[in-house]
file work-v6.cif (mmCIF, C-alpha atoms and all ligand atoms)
data_target
loop_
_atom_site.label_atom_id
_atom_site.label_comp_id
_atom_site.auth_asym_id
_atom_site.auth_seq_id
_atom_site.Cartn_x
_atom_site.Cartn_y
_atom_site.Cartn_z
CA MET G 21 124.71 106.45 118.72
CA ILE G 22 123.49 109.32 116.58
CA LEU G 23 119.76 109.55 115.95
CA PHE G 24 118.47 111.07 112.70
CA GLN G 25 114.86 111.73 111.81
CA GLN G 26 115.54 113.81 108.71
CA SER G 27 116.93 112.31 105.49
CA ASN G 28 119.10 115.33 104.64
CA ALA G 29 120.95 115.28 107.95
CA LEU G 30 121.50 111.52 107.68
CA ARG G 31 122.77 111.89 104.11
CA SER G 32 125.30 114.58 104.93
CA PHE G 33 126.60 112.56 107.90
CA LEU G 34 127.02 109.46 105.70
CA ASP G 35 128.66 111.47 102.88
CA ASN G 36 131.22 112.55 105.41
CA GLN G 37 131.84 108.95 106.51
CA LYS G 38 132.15 107.78 102.88
CA ALA G 39 134.70 110.52 102.24
CA GLN G 40 136.77 108.85 104.96
CA ASN G 41 136.41 105.49 103.18
CA LYS G 42 134.19 104.05 105.89
CA ARG G 43 132.25 100.94 104.96
CA ILE G 44 128.53 101.41 105.67
CA GLY G 45 126.43 98.45 106.87
CA PHE G 46 122.65 98.79 106.91
CA VAL G 47 119.99 96.91 108.91
CA PRO G 48 116.42 97.99 108.06
CA THR G 49 113.79 97.13 110.70
CA MET G 50 110.32 98.05 111.86
CA GLY G 51 111.45 98.30 115.48
CA ALA G 52 110.18 96.45 118.57
CA LEU G 53 113.68 95.07 118.55
CA HIS G 54 114.61 91.65 119.91
CA ALA G 55 117.69 89.45 119.91
CA GLY G 56 117.05 88.51 116.26
CA HIS G 57 117.41 92.12 115.13
CA LEU G 58 120.41 92.59 117.40
CA SER G 59 122.13 89.57 115.82
CA LEU G 60 121.88 91.42 112.48
CA ILE G 61 123.45 94.52 114.08
CA ALA G 62 126.25 92.35 115.52
CA GLN G 63 126.99 90.82 112.10
CA ALA G 64 126.99 94.26 110.49
CA LYS G 65 129.38 95.51 113.19
CA GLN G 66 131.78 92.70 112.35
CA LYS G 67 131.89 93.49 108.65
CA CYS G 68 131.47 97.28 108.45
CA ASP G 69 132.85 100.47 110.01
CA ILE G 70 129.55 102.30 110.44
CA VAL G 71 126.30 100.47 111.17
CA VAL G 72 123.03 102.19 110.34
CA CYS G 73 119.78 100.73 111.68
CA SER G 74 116.47 102.11 110.48
CA ILE G 75 113.24 101.85 112.43
CA PHE G 76 110.26 102.55 110.23
CA VAL G 77 106.87 100.89 110.45
CA ASN G 78 106.16 100.96 106.74
CA PRO G 79 102.44 101.50 106.11
CA THR G 80 102.53 100.30 102.49
CA GLN G 81 103.59 96.76 103.36
CA PHE G 82 100.73 96.08 105.78
CA THR G 83 97.74 94.32 104.29
CA GLN G 84 95.51 94.78 107.34
CA ALA G 85 94.83 98.16 108.94
CA ALA G 86 94.49 96.62 112.42
CA ASP G 87 97.93 94.98 112.14
CA LEU G 88 99.49 98.35 111.24
CA GLU G 89 97.67 100.15 114.06
CA THR G 90 98.60 97.62 116.73
CA TYR G 91 102.18 97.05 115.56
CA PRO G 92 104.35 97.57 118.69
CA ARG G 93 106.41 100.80 118.74
CA PRO G 94 108.52 100.81 121.94
CA ILE G 95 110.99 103.39 120.65
CA SER G 96 112.74 104.27 123.96
CA ASN G 97 113.53 100.63 124.65
CA ASP G 98 114.69 100.16 121.03
CA ILE G 99 117.10 103.09 121.39
CA LYS G 100 118.46 101.56 124.62
CA LEU G 101 119.00 98.17 122.94
CA LEU G 102 120.72 99.75 119.93
CA GLU G 103 123.02 101.77 122.18
CA GLU G 104 123.93 98.63 124.12
CA SER G 105 124.69 96.92 120.79
CA LYS G 106 127.01 99.79 119.84
CA CYS G 107 124.97 100.60 116.74
CA ASP G 108 126.40 103.83 115.27
CA VAL G 109 123.36 105.42 113.67
CA LEU G 110 119.60 105.11 114.09
CA PHE G 111 117.42 106.49 111.31
CA HIS G 112 113.87 106.91 112.63
CA PRO G 113 111.92 108.91 110.05
CA SER G 114 108.25 109.88 110.02
CA VAL G 115 105.92 108.48 107.35
CA ASP G 116 105.92 111.89 105.60
CA GLU G 117 109.71 111.99 105.57
CA ILE G 118 109.76 108.75 103.57
CA TYR G 119 106.64 109.12 101.45
CA ALA G 120 106.24 112.91 101.23
CA ASN G 121 102.48 112.48 101.65
CA ASP G 122 102.23 110.09 98.72
CA LEU G 123 101.78 106.44 99.72
CA ARG G 124 102.19 105.17 96.17
CA LYS G 125 103.76 101.70 95.85
CA ASP G 126 106.22 100.36 93.30
CA ASP G 127 105.02 97.47 91.19
CA THR G 128 106.81 94.13 91.54
CA ASN G 129 104.72 92.15 89.06
CA ASP G 130 107.69 91.42 86.84
CA TYR G 131 109.96 90.20 89.65
CA GLY G 132 109.14 86.57 88.87
CA SER G 133 106.72 83.90 90.00
CA PHE G 134 108.49 83.37 93.36
CA LEU G 135 106.95 86.62 94.51
CA HIS G 136 103.35 85.56 94.02
CA VAL G 137 103.35 82.39 96.12
CA LEU G 138 103.41 81.90 99.92
CA GLU G 139 103.49 85.38 101.56
CA GLY G 140 102.85 87.01 98.19
CA ALA G 141 99.65 84.99 97.80
CA SER G 142 98.57 85.36 101.45
CA ARG G 143 99.28 89.10 101.61
CA PRO G 144 98.61 90.64 98.17
CA GLY G 145 100.56 93.89 97.69
CA HIS G 146 102.84 93.21 100.67
CA PHE G 147 106.03 92.87 98.61
CA ASP G 148 105.16 95.94 96.54
CA GLY G 149 105.29 97.87 99.82
CA VAL G 150 108.51 96.16 100.90
CA VAL G 151 110.27 96.95 97.62
CA THR G 152 109.01 100.55 97.69
CA VAL G 153 110.43 101.28 101.11
CA VAL G 154 113.64 99.24 100.76
CA LYS G 155 114.42 101.06 97.50
CA LYS G 156 113.86 104.46 99.14
CA LEU G 157 116.05 103.48 102.10
CA PHE G 158 118.84 102.06 99.89
CA GLU G 159 118.83 105.27 97.80
CA LEU G 160 119.14 107.31 100.95
CA VAL G 161 121.65 105.26 102.95
CA ARG G 162 123.68 103.99 99.94
CA PRO G 163 125.08 101.10 102.01
CA ASP G 164 128.01 98.88 101.06
CA GLU G 165 126.42 95.88 102.75
CA VAL G 166 122.91 95.07 103.94
CA PHE G 167 121.80 92.50 106.51
CA PHE G 168 118.44 90.72 106.31
CA GLY G 169 117.03 87.82 108.35
CA GLN G 170 116.30 84.38 106.91
CA LYS G 171 113.14 84.53 109.05
CA ASP G 172 111.59 86.52 106.17
CA TYR G 173 113.09 84.30 103.50
CA GLN G 174 110.85 85.34 100.63
CA GLN G 175 111.56 88.98 101.47
CA CYS G 176 115.28 88.16 101.16
CA LEU G 177 114.71 86.84 97.61
CA VAL G 178 112.74 89.98 96.76
CA VAL G 179 115.50 92.25 98.11
CA GLN G 180 118.18 90.26 96.28
CA THR G 181 116.22 90.74 93.06
CA LEU G 182 115.99 94.49 93.74
CA ILE G 183 119.76 94.58 94.34
CA ASN G 184 120.47 92.69 91.10
CA ARG G 185 118.33 95.15 89.20
CA ALA G 186 119.19 98.49 90.72
CA PHE G 187 121.89 98.34 93.39
CA GLN G 188 124.54 95.98 92.10
CA THR G 189 127.32 97.30 94.34
CA ILE G 190 125.46 96.37 97.54
CA LYS G 191 126.52 93.11 99.19
CA PHE G 192 123.58 91.13 100.57
CA ASN G 193 124.00 89.14 103.82
CA LEU G 194 121.48 86.44 104.78
CA CYS G 195 121.45 86.11 108.59
CA ALA G 196 120.31 82.99 110.48
CA ILE G 197 117.05 82.89 112.46
CA ALA G 198 117.41 83.73 116.16
CA ARG G 199 115.15 81.50 118.26
CA GLU G 200 113.87 81.37 121.82
CA GLU G 201 115.16 78.43 123.88
CA ASP G 202 112.06 76.39 123.03
CA GLY G 203 112.61 76.93 119.30
CA LEU G 204 110.07 79.69 118.62
CA ALA G 205 111.52 82.11 116.04
CA MET G 206 111.89 85.53 117.62
CA SER G 207 109.40 88.05 116.26
CA SER G 208 108.10 91.48 117.23
CA ARG G 209 104.61 89.98 117.02
CA ASN G 210 105.30 87.30 119.68
CA ILE G 211 104.37 89.71 122.48
CA ARG G 212 100.81 89.63 121.19
CA LEU G 213 100.53 85.90 121.98
CA SER G 214 98.42 84.93 125.00
CA GLU G 215 100.04 82.70 127.62
CA MET G 216 98.48 79.58 126.11
CA GLU G 217 99.32 80.60 122.53
CA ARG G 218 102.93 81.21 123.57
CA ILE G 219 103.09 77.67 125.00
CA LEU G 220 101.81 76.20 121.71
CA ALA G 221 103.80 78.43 119.33
CA PRO G 222 107.01 76.28 119.31
CA GLN G 223 104.99 73.61 117.47
CA LEU G 224 105.87 75.49 114.29
CA TYR G 225 109.54 74.74 114.70
CA LEU G 226 108.76 71.12 115.68
CA ALA G 227 106.87 70.76 112.39
CA LEU G 228 109.76 72.23 110.39
CA LYS G 229 112.23 69.89 112.08
CA LYS G 230 109.93 66.94 111.39
CA ALA G 231 109.81 67.85 107.68
CA LYS G 232 113.59 68.12 107.65
CA GLN G 233 113.91 64.72 109.31
CA LEU G 234 111.62 63.15 106.68
CA TRP G 235 112.92 64.94 103.62
CA THR G 236 114.61 61.83 102.26
CA LEU G 237 111.17 60.22 101.87
CA GLU G 238 110.19 59.68 98.25
CA THR G 239 107.21 61.94 98.44
CA TRP G 240 107.64 65.29 100.05
CA GLN G 241 103.91 65.68 100.07
CA SER G 242 103.79 62.97 102.75
CA ALA G 243 106.73 64.55 104.63
CA ALA G 244 104.76 67.81 104.69
CA ASN G 245 101.61 65.97 105.81
CA GLU G 246 103.51 64.25 108.65
CA ALA G 247 105.02 67.59 109.68
CA LEU G 248 101.56 69.15 109.82
CA LYS G 249 100.59 66.63 112.52
CA GLU G 250 102.95 68.45 114.91
CA ILE G 251 100.67 71.49 114.76
CA ASP G 252 97.52 71.47 116.89
CA SER G 253 94.76 72.10 114.39
CA ASN G 254 92.39 73.30 117.11
CA ALA G 255 94.68 76.16 118.08
CA PHE G 256 96.26 77.06 114.72
CA THR G 257 94.92 77.77 111.27
CA VAL G 258 97.70 76.68 108.93
CA GLU G 259 97.96 78.95 105.87
CA TYR G 260 100.72 76.89 104.30
CA LEU G 261 103.44 74.39 105.08
CA LYS G 262 105.41 73.77 101.91
CA ILE G 263 108.67 72.20 100.82
CA CYS G 264 110.10 74.42 98.10
CA ASP G 265 113.15 75.08 95.95
CA GLN G 266 115.32 77.64 97.75
CA ASN G 267 115.81 79.81 94.68
CA THR G 268 112.46 79.72 92.92
CA LEU G 269 110.15 78.85 95.84
CA GLU G 270 108.50 76.36 93.50
CA GLU G 271 106.79 73.67 95.60
CA LEU G 272 108.53 70.28 95.34
CA LEU G 273 106.25 67.29 95.83
CA HIS G 274 108.83 64.54 95.24
CA PHE G 275 112.43 64.00 96.26
CA GLN G 276 114.83 66.10 94.17
CA HIS G 277 118.42 67.15 94.67
CA ASN G 278 117.56 70.81 94.93
CA ALA G 279 118.56 73.06 97.80
CA VAL G 280 115.34 72.95 99.75
CA ILE G 281 113.46 75.16 102.20
CA VAL G 282 110.40 74.29 104.27
CA LEU G 283 108.20 77.29 105.01
CA VAL G 284 105.22 77.60 107.31
CA ALA G 285 102.67 80.31 108.08
CA VAL G 286 99.89 80.01 110.64
CA GLN G 287 97.32 82.14 112.36
CA ILE G 288 96.96 81.61 116.11
CA GLY G 289 94.32 83.77 117.75
CA LYS G 290 94.95 87.29 116.49
CA THR G 291 98.58 86.66 115.60
CA ARG G 292 100.11 85.48 112.35
CA LEU G 293 103.43 83.62 112.63
CA ILE G 294 105.90 82.53 109.96
CA ASP G 295 108.99 80.36 110.14
CA ASN G 296 111.22 78.28 107.87
CA ILE G 297 114.14 75.88 107.80
CA LEU G 298 116.80 75.44 105.13
CA ILE G 299 117.51 71.78 104.59
CA ASP G 300 121.05 72.01 103.31
CA ARG G 301 122.41 74.51 105.84
CA ASP G 302 120.57 74.59 109.19
P1 LIG J 401 111.24 93.48 110.98
O1 LIG J 401 111.49 94.48 112.05
O2 LIG J 401 110.29 92.40 111.38
O3 LIG J 401 110.90 94.10 109.65
O4 LIG J 401 112.62 92.73 110.77
C1 LIG J 401 113.78 93.44 110.44
C2 LIG J 401 114.84 92.46 110.03
O5 LIG J 401 115.11 91.57 111.12
C3 LIG J 401 114.41 91.58 108.84
O6 LIG J 401 115.54 91.39 107.98
C4 LIG J 401 114.00 90.30 109.51
O7 LIG J 401 114.11 89.16 108.68
C5 LIG J 401 115.01 90.23 110.65
N1 LIG J 401 114.53 89.35 111.70
C6 LIG J 401 113.28 89.32 112.26
N2 LIG J 401 113.19 88.32 113.16
C7 LIG J 401 114.38 87.69 113.15
C8 LIG J 401 114.91 86.56 113.85
N3 LIG J 401 114.18 85.87 114.72
N4 LIG J 401 116.19 86.19 113.60
C9 LIG J 401 116.95 86.88 112.71
N5 LIG J 401 116.51 87.95 112.01
C10 LIG J 401 115.25 88.35 112.23
#
call {"tool": "encode", "arguments": {"input": "work-v6.cif", "output": "structure tokens", "more": "lines below"}}
Ligand code: AMP
result
Amino acid sequence: MILFQQSNALRSFLDNQKAQNKRIGFVPTMGALHAGHLSLIAQAKQKCDIVVCSIFVNPTQFTQAADLETYPRPISNDIKLLEESKCDVLFHPSVDEIYANDLRKDDTNDYGSFLHVLEGASRPGHFDGVVTVVKKLFELVRPDEVFFGQKDYQQCLVVQTLINRAFQTIKFNLCAIAREEDGLAMSSRNIRLSEMERILAPQLYLALKKAKQLWTLETWQSAANEALKEIDSNAFTVEYLKICDQNTLEELLHFQHNAVIVLVAVQIGKTRLIDNILIDRD
């Protein structure tokens, strides 16, 4: 694997690969890699000749300073995992390399109402930061295909909108959620869970499965309420558990023949967890 920290060096390497008609696959991450990230690398390897992974803890998408400061950054272990996965290129830039000392964010206000609900409502400005960095990385890497995890479903809709607007040649791949054996969605933040919190955390997936089981009920509001009972209200603060349209993220309170997604976000102790389940595909 070749490691680049400078954009220019990465760009000239990729220009060379493009000149040889190599298909470039791109997997952007914030590091602290786990099997979920590696499943994205594996899918990119299957479809592309050269796989580029970026590790960049993007300051503009964090809405809490403490979360940014304590975000895990185990770079040596990440490099080892990427080498074992036969990733071709790691791009690991500094904040200055990406932002040139100017942490200005793009504005996503006109992306549509789907952006302002759920994570957009809970973390104001978060998607502005995501779009800002993803746009910079796409301009730099110029990938043929990109691979994003369904775990961050709303982010996938945001990135697809960015692609439709500005990068129409890029093929978007939505990759399934990798889970621990007990159902907990893998996340870089899971290592922050205490022993007891880790034991309780799979309740999120139980709740999603319950909602899926009950989705043929007339009222989805009651399916969502039943699902919420799977989550211990003493341990978790539930930010949302909603049954929504997969394309618009509009909340659906009654049975409809839409493609549906159930999304949940909770706070447990100091850690915020999100998860979701697609009803027509999972
Ligand atoms: P992050 O490092 O959290 O920014 O995630 C980088 C990419 O990995 C994003 O596209 C995430 O959606 C994806 N990802 C994170 N967790 C998982 C998971 N458990 N399964 C599959 N993809 C994931």
call {"tool": "closest_residue", "arguments": {"input": "work-v6.cif", "among": "G:Lys262, G:Lys125, G:His112, G:Lys38", "to": "Leu228 of chain G", "atoms": "only C-alpha atoms"}}
result
G:Lys262
call {"tool": "residues_around", "arguments": {"input": "work-v6.cif", "residues": "segment 41-58 of chain G", "least_positions_apart": "4", "cutoff": "6 Å", "atoms": "only C-alpha atoms", "output": "PyMOL selection string"}}
result
chain G and resi 37+64+68-77+92-94+98+163-167+198+208
call {"tool": "closest_residue", "arguments": {"input": "work-v6.cif", "among": "G:Thr236, G:Lys171, G:Leu157, G:Leu182", "to": "Val284 of chain G", "atoms": "all atoms listed in the file"}}
result
G:Lys171
call {"tool": "atom_distance", "arguments": {"input": "work-v6.cif", "atom1": "atom CA of Asn28 of chain G", "atom2": "atom CA of Thr128 of chain G"}}
result
27.8 Å
call {"tool": "atom_distance", "arguments": {"input": "work-v6.cif", "atom1": "atom CA of Ala85 of chain G", "atom2": "atom CA of Lys156 of chain G"}}
result
22.3 Å
call {"tool": "closest_residue", "arguments": {"input": "work-v6.cif", "among": "G:Gln26, G:Thr152, G:Thr189, G:Thr83", "to": "Glu139 of chain G", "atoms": "all atoms listed in the file"}}
result
G:Thr83
call {"tool": "closest_residue", "arguments": {"input": "work-v6.cif", "among": "G:Gly203, G:Pro222, G:Gly289, G:Gly169", "to": "ligand LIG 401 (chain J)", "atoms": "only C-alpha atoms and all ligand atoms"}}
result
G:Gly169
call {"tool": "closest_residue", "arguments": {"input": "work-v6.cif", "among": "G:Gln233, G:Gln174, G:Gln276, G:Asn245", "to": "ligand LIG 401 (chain J)", "atoms": "only C-alpha atoms and all ligand atoms"}}
result
G:Gln174
call {"tool": "atom_distance", "arguments": {"input": "work-v6.cif", "atom1": "atom CA of Ile95 of chain G", "atom2": "atom CA of Leu60 of chain G"}}
result
18.1 Å
call {"tool": "closest_residue", "arguments": {"input": "work-v6.cif", "among": "G:Ile99, G:Leu30, G:Met206, G:Val153", "to": "ligand LIG 401 (chain J)", "atoms": "all atoms listed in the file"}}
result
G:Met206
call {"tool": "residues_near_point", "arguments": {"input": "work-v6.cif", "point": "(124.8, 88.7, 106.8)", "cutoff": "7 Å", "atoms": "only C-alpha atoms", "output": "list in words"}}
result
Leu60, Gln63, Phe167, Phe168, Phe192, Asn193, Leu194 and Cys195 of chain G
call {"tool": "residues_near_point", "arguments": {"input": "work-v6.cif", "point": "(109.6, 63.9, 93.6)", "cutoff": "8 Å", "atoms": "all atoms listed in the file", "output": "number ranges by chain"}}
result
G: 238-240, 272-276
call {"tool": "residues_around", "arguments": {"input": "work-v6.cif", "residues": "Gln81 of chain G", "least_positions_apart": "2", "cutoff": "7 Å", "atoms": "only C-alpha atoms", "output": "list in words"}}
result
Asn78, Pro79, Thr83, His146, Phe147, Gly149 and Val150 of chain G
call {"tool": "residues_around", "arguments": {"input": "work-v6.cif", "residues": "Met216 of chain G", "least_positions_apart": "4", "cutoff": "12 Å", "atoms": "all atoms listed in the file", "output": "PyMOL selection string"}}
result
chain G and resi 212+220-222+255-256+288-289
call {"tool": "axis_aligned_box", "arguments": {"input": "work-v6.cif", "around": "segment 89-101 of chain G", "padding_each_side": "5 Å", "output": "JSON"}}
result
{"center_x": 108.3, "center_y": 100.7, "center_z": 119.4, "size_x": 31.3, "size_y": 17.2, "size_z": 20.6}
call {"tool": "residues_around", "arguments": {"input": "work-v6.cif", "residues": "Gln287 of chain G", "least_positions_apart": "3", "cutoff": "10 Å", "atoms": "all atoms listed in the file", "output": "count of residues only"}}
result
10
